[in-house]
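Read through the structure below, which is laid out as structure tokens, and then see the notes.
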Amino acid sequence: MKEPITVGVIGCGYWGPLLVRNFKGLPDCQLKAVCDVNTERVKHVRALYPDIEGMTHSQQFLNGSNLDAVVIATPVKHHYSLAKASLLAGKHTLIEKPMASSSAECEELIEIAERNGVVLMLDHTFLYSSPVQKIAQIVQAGDLGEIRYINCRRLNLGLFQKDINVAWDLAPHDISIILHILDEFPTTINCQGNAHITPGVEDVTNMSLFFRHKRFATIQSSWLEPRKIREMTIVGTRRMIVYDDLRTREKIRIYDARVERPPHYDTFAEFQYSYHYGDSYIPYLHQEEPLKLACQHFIDCIKTNLAPLTGGRRGLEMVRILEAATASLKMKGAPVTFSSPNGATSVPGPTKTQEVLPAEAFAG
């Protein structure tokens, strides 16, 4: 496509205006319209960008704006219906995380996009960030050795959601990074949590993802923390990485540290762990706004007909994990095990079984 891609954003709440700003700044697309049921939010965005159209009805937005691409930044419960309407109308579609409320909805959206030959992409923003790209390079180069575990903490006070719990709200960021780094789908998931503020909506959760070769990842998510924390630790057999996304600079620090068990010893008195403490260093990162890069990637995929880094399959795998976490929450943290795509999911208990949660091998 040689002409600028015409883009519209539906949803002008917290994230929508950020998407509007970034698409507005791209040279090879034209931000044409925004839509939100809240008139005041539409007025606010149009006050910042008077040259774009503002609407409050999604049908008018989808059918009457002559758009090439639609960006969906609404509450999760509306993702499926809006994305389906957009894809059926032949429009390239970018959806905020998570993709939809169920894996069945995700599968249908993928099928429609493939049938209509349009781009379906998920806004897993962190995969476009310099720190995560650098971490992936380091891990893939083998500099850390074999990954032993990953520990994530994503905590803050609010913003409280009513239609999804904190795992669906915050954990997708960490899940997307973990899957990208390990390039593998988990075998088992468990999740525990509690609802303190809104009945039935967990505001604190602790999720564990288990992978082959004794690797696992933990994700702590909270809307009740007095401090905002965005930390990830990746522990390998040779080196370790600490990633603090809230630091303005030096977001990544690599530690040349490890512990080894001696191969031979005759008596317990001779047994000592071998601790290695080397230098730590901070790799250079070229700083650029990840959301801008994600938006540009969406436009590039439309123009070149290439598959996005965060395409529909990535979104489907994310929702499958969140569904399994929800099932585990309802069983007070009991593990949910993925088997082959056509197999059953194992649940502890003498008579308790659960419906199939299919999980294909993670497609990078």
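Going through the structure tokens in order, the chains are called A, B, and so on, while each chain numbers its residues from 1 and the ligands are numbered from 1 in the order shown.
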>> Excluding Asn151 of chain A and its own-chain neighbours fewer than 6 positions away, which residues fall within 6 Å of it when counting only C-alpha atoms? Please give them as an MDAnalysis selection string.
In response: chainID A and resid 217:218 232:233
> For Arg153 of chain A, which residue out of A:Thr93, A:Thr310, A:Ser221, A:Thr337 is the nearest one, using only C-alpha atoms?
Replying inline: A:Ser221
>> For a quick check of understanding, using only C-alpha atoms, which of A:Ala85, A:Leu329, A:Met240, A:Glu225 has the smallest distance to Val201 of chain A?
In response: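 Looking only at the distances to Val201 of chain A, the closest residue turns out to be A:Leu329.
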> Could you pull out the helix (DSSP H, G or I) residues of segment 82-209 of chain A from DSSP and send them as a ChimeraX atom specification?
Replying inline: /A:82-88,103-116,125-128,130-140,166-182
> Looking at only C-alpha atoms, which of A:Arg154, A:His213, A:Lys97, A:Arg46 is the one that sits closest to Gly312 of chain A?
Replying inline: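 Residue with the minimum atom-to-atom distance to Gly312 of chain A: A:Lys97.
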>> Based on the backbone DSSP call, show me all residues of segment 44-107 of chain A assigned strand (DSSP E or B), as a count of residues only.
In response: 12
> Counting only C-alpha atoms, which of A:Thr56, A:Ser222, A:Gln287, A:Ser81 gets nearest to Leu155 of chain A?
Replying inline: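 Among the listed residues, A:Ser222 lies closest to Leu155 of chain A.
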> For Ile177 of chain A, which of A:Gly54, A:Ala73, A:Met318, A:Glu96 is the closest residue, counting only C-alpha atoms?
Replying inline: A:Met318
